[in-house]
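Content type compact mmCIF, C-alpha atoms and all ligand atoms, from the file protein_26.txt:
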# COMPACT_ATOMS: atom_id res chain seq x y z
CA MET A 782 180.71 201.92 94.98
CA ILE A 783 180.68 198.18 94.30
CA ILE A 784 178.80 197.09 91.23
CA PRO A 785 178.03 193.56 90.06
CA ASP A 786 179.85 191.62 87.31
CA ILE A 787 177.93 193.02 84.40
CA ILE A 788 178.68 193.83 80.77
CA ILE A 789 178.46 197.50 79.85
CA ALA A 790 178.04 198.17 76.12
CA VAL A 791 179.03 201.62 74.83
CA ASP A 792 178.08 202.38 71.24
CA GLY A 793 177.96 205.55 69.20
CA PHE A 794 179.36 207.64 66.38
CA SER A 795 183.09 208.04 65.71
CA SER A 796 184.98 210.46 67.95
CA THR A 797 182.24 210.84 70.53
CA GLY A 798 184.81 209.94 73.16
CA LYS A 799 183.55 206.39 73.66
CA SER A 800 186.95 204.94 74.45
CA THR A 801 187.96 207.78 76.77
CA PHE A 802 184.66 207.36 78.60
CA ALA A 803 184.88 203.56 78.71
CA LYS A 804 188.48 203.65 79.98
CA MET A 805 187.50 206.08 82.72
CA VAL A 806 184.57 203.90 83.81
CA ALA A 807 186.79 200.77 83.69
CA LYS A 808 189.31 202.44 85.97
CA GLU A 809 186.70 203.83 88.35
CA PHE A 810 184.82 200.55 88.81
CA SER A 811 187.63 198.03 88.13
CA PHE A 812 186.24 196.67 84.88
CA LEU A 813 188.15 195.21 81.95
CA TYR A 814 188.06 197.60 79.00
CA LEU A 815 187.79 196.17 75.48
CA ASP A 816 187.99 198.40 72.41
CA SER A 817 186.18 196.60 69.58
CA GLY A 818 187.13 199.28 67.03
CA ALA A 819 190.79 198.43 67.69
CA MET A 820 190.11 194.90 66.43
CA TYR A 821 188.70 196.25 63.15
CA ARG A 822 191.62 198.64 62.93
CA GLY A 823 194.03 195.74 63.50
CA VAL A 824 192.51 193.73 60.65
CA THR A 825 192.72 196.83 58.44
CA LEU A 826 196.38 197.43 59.31
CA TYR A 827 197.16 193.80 58.52
CA ALA A 828 195.35 194.04 55.16
CA LEU A 829 197.20 197.26 54.29
CA GLU A 830 200.60 195.92 55.24
CA ASN A 831 200.06 192.75 53.24
CA GLY A 832 198.93 194.41 50.03
CA MET A 833 195.29 193.40 50.37
CA ILE A 834 193.99 196.95 49.86
CA ASP A 835 194.95 198.63 46.58
CA SER A 836 195.58 202.33 45.94
CA GLU A 837 191.91 202.84 45.06
CA GLY A 838 190.82 201.28 48.33
CA LYS A 839 189.65 198.01 46.81
CA ILE A 840 189.91 195.16 49.28
CA ASP A 841 191.16 191.73 48.22
CA GLU A 842 188.53 189.91 50.27
CA LYS A 843 189.54 186.48 49.05
CA SER A 844 193.10 186.79 50.39
CA LEU A 845 191.89 188.35 53.64
CA LYS A 846 189.35 185.60 54.17
CA ALA A 847 191.99 182.94 53.60
CA CYS A 848 194.14 184.13 56.51
CA ILE A 849 191.78 185.88 58.93
CA ASP A 850 191.31 182.94 61.27
CA SER A 851 195.04 182.72 61.84
CA LEU A 852 195.31 186.41 62.78
CA ASP A 853 196.38 186.65 66.41
CA LEU A 854 194.81 189.99 67.35
CA HIS A 855 194.40 190.43 71.08
CA PHE A 856 194.65 192.88 73.95
CA ARG A 857 197.28 193.02 76.66
CA ASN A 858 197.26 195.00 79.83
CA ILE A 859 200.39 197.14 79.93
CA ASP A 860 200.81 199.16 83.14
CA GLY A 861 197.05 199.22 83.67
CA ALA A 862 196.19 200.23 80.09
CA THR A 863 194.69 197.95 77.42
CA LYS A 864 196.90 197.78 74.31
CA THR A 865 196.23 196.05 71.01
CA PHE A 866 198.66 193.39 69.80
CA LEU A 867 199.11 191.50 66.56
CA GLY A 868 201.05 188.47 67.69
CA ASP A 869 203.86 189.89 69.83
CA ARG A 870 203.83 193.28 68.15
CA CYS A 871 202.10 196.22 69.84
CA ILE A 872 200.12 197.99 67.10
CA GLU A 873 198.36 200.54 69.30
CA GLY A 874 199.98 203.53 67.52
CA GLU A 875 199.76 202.27 63.94
CA ILE A 876 196.05 201.47 64.11
CA ARG A 877 195.21 205.12 64.90
CA THR A 878 196.75 206.72 61.78
CA LEU A 879 194.66 208.36 59.06
CA ALA A 880 195.73 205.59 56.63
CA VAL A 881 194.00 202.99 58.78
CA SER A 882 191.07 205.30 59.63
CA SER A 883 190.45 205.83 55.91
CA HIS A 884 190.02 202.12 55.18
CA VAL A 885 188.59 200.71 58.38
CA SER A 886 184.89 201.28 57.66
CA PRO A 887 184.75 199.20 54.45
CA VAL A 888 186.87 196.49 56.10
CA SER A 889 184.51 196.42 59.09
CA ALA A 890 181.52 196.07 56.77
CA ILE A 891 182.73 192.64 55.54
CA PRO A 892 180.65 189.89 57.20
CA PHE A 893 183.54 187.43 57.78
CA VAL A 894 185.57 190.22 59.41
CA ARG A 895 182.65 190.94 61.75
CA ASN A 896 182.35 187.25 62.63
CA TYR A 897 186.06 187.08 63.42
CA VAL A 898 185.91 190.16 65.69
CA ASP A 899 182.65 189.12 67.42
CA ASP A 900 184.10 185.71 68.17
CA ARG A 901 187.20 187.21 69.76
CA LEU A 902 185.22 189.75 71.78
CA HIS A 903 183.09 186.97 73.24
CA ARG A 904 186.17 185.00 74.14
CA PHE A 905 187.85 187.98 75.83
CA SER A 906 184.68 188.79 77.83
CA GLU A 907 184.07 185.44 79.45
CA GLY A 908 182.99 185.97 83.04
CA GLY A 909 181.69 189.50 82.53
CA ARG A 910 182.83 192.64 84.36
CA VAL A 911 183.68 194.17 81.03
CA ILE A 912 183.04 197.52 79.44
CA MET A 913 183.30 197.44 75.67
CA ASP A 914 182.93 200.20 73.12
CA GLY A 915 182.00 200.03 69.46
CA ARG A 916 179.09 200.41 67.06
CA ASP A 917 177.04 197.26 67.54
CA ILE A 918 177.92 196.00 71.01
CA GLY A 919 174.46 196.59 72.51
CA THR A 920 172.60 195.54 69.38
CA THR A 921 174.54 192.53 68.04
CA VAL A 922 177.60 191.48 70.02
CA PHE A 923 176.03 191.59 73.49
CA PRO A 924 172.29 192.21 73.04
CA ASP A 925 171.81 191.04 76.65
CA ALA A 926 174.34 193.47 78.13
CA GLU A 927 173.01 194.67 81.48
CA LEU A 928 173.77 198.32 80.73
CA LYS A 929 173.84 199.98 77.31
CA ILE A 930 174.98 203.50 76.55
CA PHE A 931 174.67 205.24 73.18
CA MET A 932 176.99 208.22 72.76
CA THR A 933 176.55 211.10 70.38
CA ALA A 934 177.88 214.66 69.94
CA ASP A 935 177.84 217.49 67.41
CA THR A 936 179.76 216.58 64.19
CA GLN A 937 182.02 219.67 64.14
CA VAL A 938 182.92 219.13 67.77
CA ARG A 939 183.75 215.48 67.08
CA ALA A 940 185.95 216.41 64.10
CA GLN A 941 187.77 218.99 66.21
CA ARG A 942 188.42 216.37 68.91
CA ARG A 943 189.83 213.90 66.38
CA TYR A 944 191.90 216.65 64.73
CA ASP A 945 193.37 217.76 68.09
CA GLU A 946 194.16 214.13 68.96
CA MET A 947 196.08 213.64 65.70
CA VAL A 948 197.98 216.91 65.99
CA ALA A 949 198.97 215.97 69.53
CA LYS A 950 200.47 212.78 68.10
CA GLY A 951 202.54 214.77 65.61
CA GLU A 952 200.37 214.16 62.53
CA THR A 953 199.54 217.08 60.21
CA PRO A 954 196.08 216.46 58.79
CA SER A 955 193.85 219.20 57.41
CA PHE A 956 190.69 219.83 59.43
CA GLU A 957 188.62 219.40 56.26
CA ASP A 958 190.06 215.91 55.64
CA VAL A 959 189.38 214.86 59.20
CA LEU A 960 185.79 216.16 58.99
CA LYS A 961 185.26 214.43 55.64
CA ASN A 962 186.64 211.13 56.94
CA LEU A 963 184.34 211.35 59.97
CA GLN A 964 181.25 212.06 57.85
CA GLU A 965 182.10 209.22 55.47
CA ARG A 966 182.56 206.83 58.36
CA ASP A 967 179.29 207.93 59.99
CA TYR A 968 177.54 207.19 56.71
CA ILE A 969 179.15 203.79 56.06
CA ASP A 970 178.81 202.70 59.70
CA SER A 971 175.10 203.60 59.77
CA HIS A 972 174.18 202.23 56.34
CA ARG A 973 176.10 198.97 55.99
CA GLU A 974 174.07 195.79 55.65
CA VAL A 975 175.57 193.87 58.55
CA SER A 976 175.15 195.28 62.06
CA PRO A 977 174.80 198.95 61.16
CA LEU A 978 175.37 201.52 63.87
CA SER A 979 172.07 202.07 65.60
CA ARG A 980 170.87 202.70 69.10
CA ALA A 981 169.58 199.66 70.97
CA GLU A 982 166.05 200.35 72.19
CA ASP A 983 167.12 199.91 75.79
CA ALA A 984 170.27 202.07 75.51
CA TYR A 985 170.64 205.28 77.49
CA VAL A 986 171.65 208.20 75.26
CA MET A 987 174.50 210.48 76.26
CA ASP A 988 175.07 213.63 74.15
CA ASN A 989 178.42 214.85 75.40
CA THR A 990 178.85 217.86 73.08
CA GLU A 991 179.15 220.07 76.12
CA MET A 992 179.99 217.60 78.87
CA THR A 993 183.26 217.33 80.75
CA MET A 994 184.66 213.93 81.68
CA HIS A 995 183.74 214.55 85.27
CA GLU A 996 180.14 215.21 84.25
CA GLU A 997 180.17 211.97 82.25
CA LEU A 998 181.34 210.06 85.32
CA VAL A 999 178.67 211.64 87.50
CA TRP A 1000 176.09 210.75 84.83
CA ILE A 1001 176.98 207.05 84.65
CA THR A 1002 177.44 206.72 88.40
CA GLY A 1003 173.89 208.01 88.89
CA LEU A 1004 172.64 205.69 86.18
CA ILE A 1005 174.29 202.62 87.74
CA GLN A 1006 173.05 203.50 91.21
CA GLY A 1007 169.50 203.93 89.95
CA LYS A 1008 169.47 200.89 87.71
CA PHE A 1009 171.03 198.42 90.13
CA GLY A 1010 169.56 199.88 93.31
CA ILE A 1011 172.97 200.65 94.77
CA LEU A 1012 173.10 203.11 97.63
CA GLU A 1013 176.38 204.99 98.03
O1 LIG A 1101 185.77 203.29 67.27
P1 LIG A 1101 186.79 203.35 66.13
O2 LIG A 1101 186.78 204.65 65.39
O3 LIG A 1101 188.13 202.94 66.55
O4 LIG A 1101 186.26 202.23 65.09
C1 LIG A 1101 186.92 202.02 63.88
C2 LIG A 1101 185.93 201.53 62.84
O5 LIG A 1101 185.51 200.20 63.16
C3 LIG A 1101 184.68 202.36 62.65
O6 LIG A 1101 184.74 203.10 61.45
C4 LIG A 1101 183.57 201.38 62.57
C5 LIG A 1101 184.14 200.05 62.92
N1 LIG A 1101 183.52 199.43 64.08
C6 LIG A 1101 182.42 198.64 63.87
O7 LIG A 1101 181.95 198.53 62.76
N2 LIG A 1101 181.87 197.97 64.90
C7 LIG A 1101 182.36 198.07 66.14
N3 LIG A 1101 181.80 197.40 67.14
C8 LIG A 1101 183.48 198.92 66.38
C9 LIG A 1101 184.04 199.60 65.32
The structure in this file should be written as structure tokens.
Ligand code: DC
Amino acid sequence: MIIPDIIIAVDGFSSTGKSTFAKMVAKEFSFLYLDSGAMYRGVTLYALENGMIDSEGKIDEKSLKACIDSLDLHFRNIDGATKTFLGDRCIEGEIRTLAVSSHVSPVSAIPFVRNYVDDRLHRFSEGGRVIMDGRDIGTTVFPDAELKIFMTADTQVRAQRRYDEMVAKGETPSFEDVLKNLQERDYIDSHREVSPLSRAEDAYVMDNTEMTMHEELVWITGLIQGKFGILE
């Protein structure tokens, strides 16, 4: 199926499988995949490594603001997969640890951090044919995106997915900590002042609590065919 050069915005709660879904769609329809959460995670990793977040979680916003524009966060395509880089260093693994997950929501709530990330996402998406996942892609970053998806799933199921993912990577979190982190992030992401997580009015909702990846693909394929009048 050939689809036009559009922007597909995928928003939703943490651990709803947005990136897995977006990567699958990117591969199926030859789109560029951009993970906006990875940008926020990259800024958070940088702040942690440079002593800008103290042991109580307080962020030294002044120091972060002073250097954010010189941060070279970007994506590279390695063997067909999009990886996050800080300068020449691949930080794909480090940005997924619980340490980064625990601090990323407050970092992403800082307006100058959001401006920095939005600016980079626009630059990386020039020309379209991009699928991007996040929290505010369809509402703020690309309000004119041709197709918007809002993903949701049961909280316990989401926590279990995140827990399984971490265990598979060799981490040893407790399920309770993972669940708590998820609930805290849901709250901060939905209640922050700047670009809170919310469904764009024209977004299609996918609740994938009980969906397989194949069912997700069938779902979006049908949606694209219907919306753009494409006959298979
Ligand atoms: O999707 P993720 O879990 O990797 O996102 C990490 C954090 O970044 C999440 O807690 C909220 C924030 N985020 C955001 O505020 N806006 C986006 N477009 C993407 C992520």
Quick one: pull the distance between atom CA of A:Arg943 and atom CA of A:Glu842, Å, one decimal. 28.9 Å
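A straight line drawn from atom CA of A:Ser889 to atom O7 of ligand LIG 1101 (chain A) is 4.9 Å long.
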Within 7 Å of ligand LIG 1101 (chain A), counting all atoms listed in the file, residues as a PyMOL selection string: chain A and resi 795-796+817-819+821-822+882+885-886+889-890+914-918+966+970
Go through A:His884, A:Asp816, A:Leu852, A:Val898 and flag the residue nearest A:Asp869, using all atoms listed in the file for the distances. A:Leu852
Spatial neighbours of stretch 932-937 of chain A, 12 Å, all atoms listed in the file, chain gap at least 4 places, as number ranges by chain: A: 790-803, 914-916, 919, 941-944, 956-957, 959-967, 978-981, 984-992, 997, 1001
Counting only C-alpha atoms, what is within 10 Å of A:Asp983, bar same-chain residues fewer than 3 positions away, as a PDB file with C-alpha atoms, in the frame of the given file?
ATOM      1  CA  GLY A 919     174.460 196.590  72.510  1.00  0.00           C
ATOM      2  CA  THR A 920     172.600 195.540  69.380  1.00  0.00           C
ATOM      3  CA  PRO A 924     172.290 192.210  73.040  1.00  0.00           C
ATOM      4  CA  ALA A 926     174.340 193.470  78.130  1.00  0.00           C
ATOM      5  CA  GLU A 927     173.010 194.670  81.480  1.00  0.00           C
ATOM      6  CA  LEU A 928     173.770 198.320  80.730  1.00  0.00           C
ATOM      7  CA  LYS A 929     173.840 199.980  77.310  1.00  0.00           C
ATOM      8  CA  ILE A 930     174.980 203.500  76.550  1.00  0.00           C
ATOM      9  CA  PHE A 931     174.670 205.240  73.180  1.00  0.00           C
ATOM     10  CA  ARG A 980     170.870 202.700  69.100  1.00  0.00           C
ATOM     11  CA  VAL A 986     171.650 208.200  75.260  1.00  0.00           C
TER      12      VAL A 986
END
List the spatial neighbours of stretch 907-909 of chain A as an NGL selection string - criterion: any atom at most 6 Å away, all atoms listed in the file, same-chain residues fewer than 2 positions off excluded. :A and (786-788 or 904-905 or 911)
State, in Å with one decimal place, the distance from atom CA of A:Leu1004 to atom CA of A:Leu813. 19.2 Å
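Nearest-residue note for A:Ala807: choosing from A:Gly838, A:Pro977, A:Gly861, A:Pro887, the minimum distance belongs to A:Gly861, counting all atoms listed in the file.
Minimum distance to A:Val806 across A:Arg901, A:Arg910, A:Lys950, A:Arg939 (counting all atoms listed in the file) occurs at A:Arg910.
Counting all atoms listed in the file, the residue from A:Pro892, A:Gly1010, A:Gly823, A:Pro954 that sits nearest to A:Phe856 is A:Gly823.
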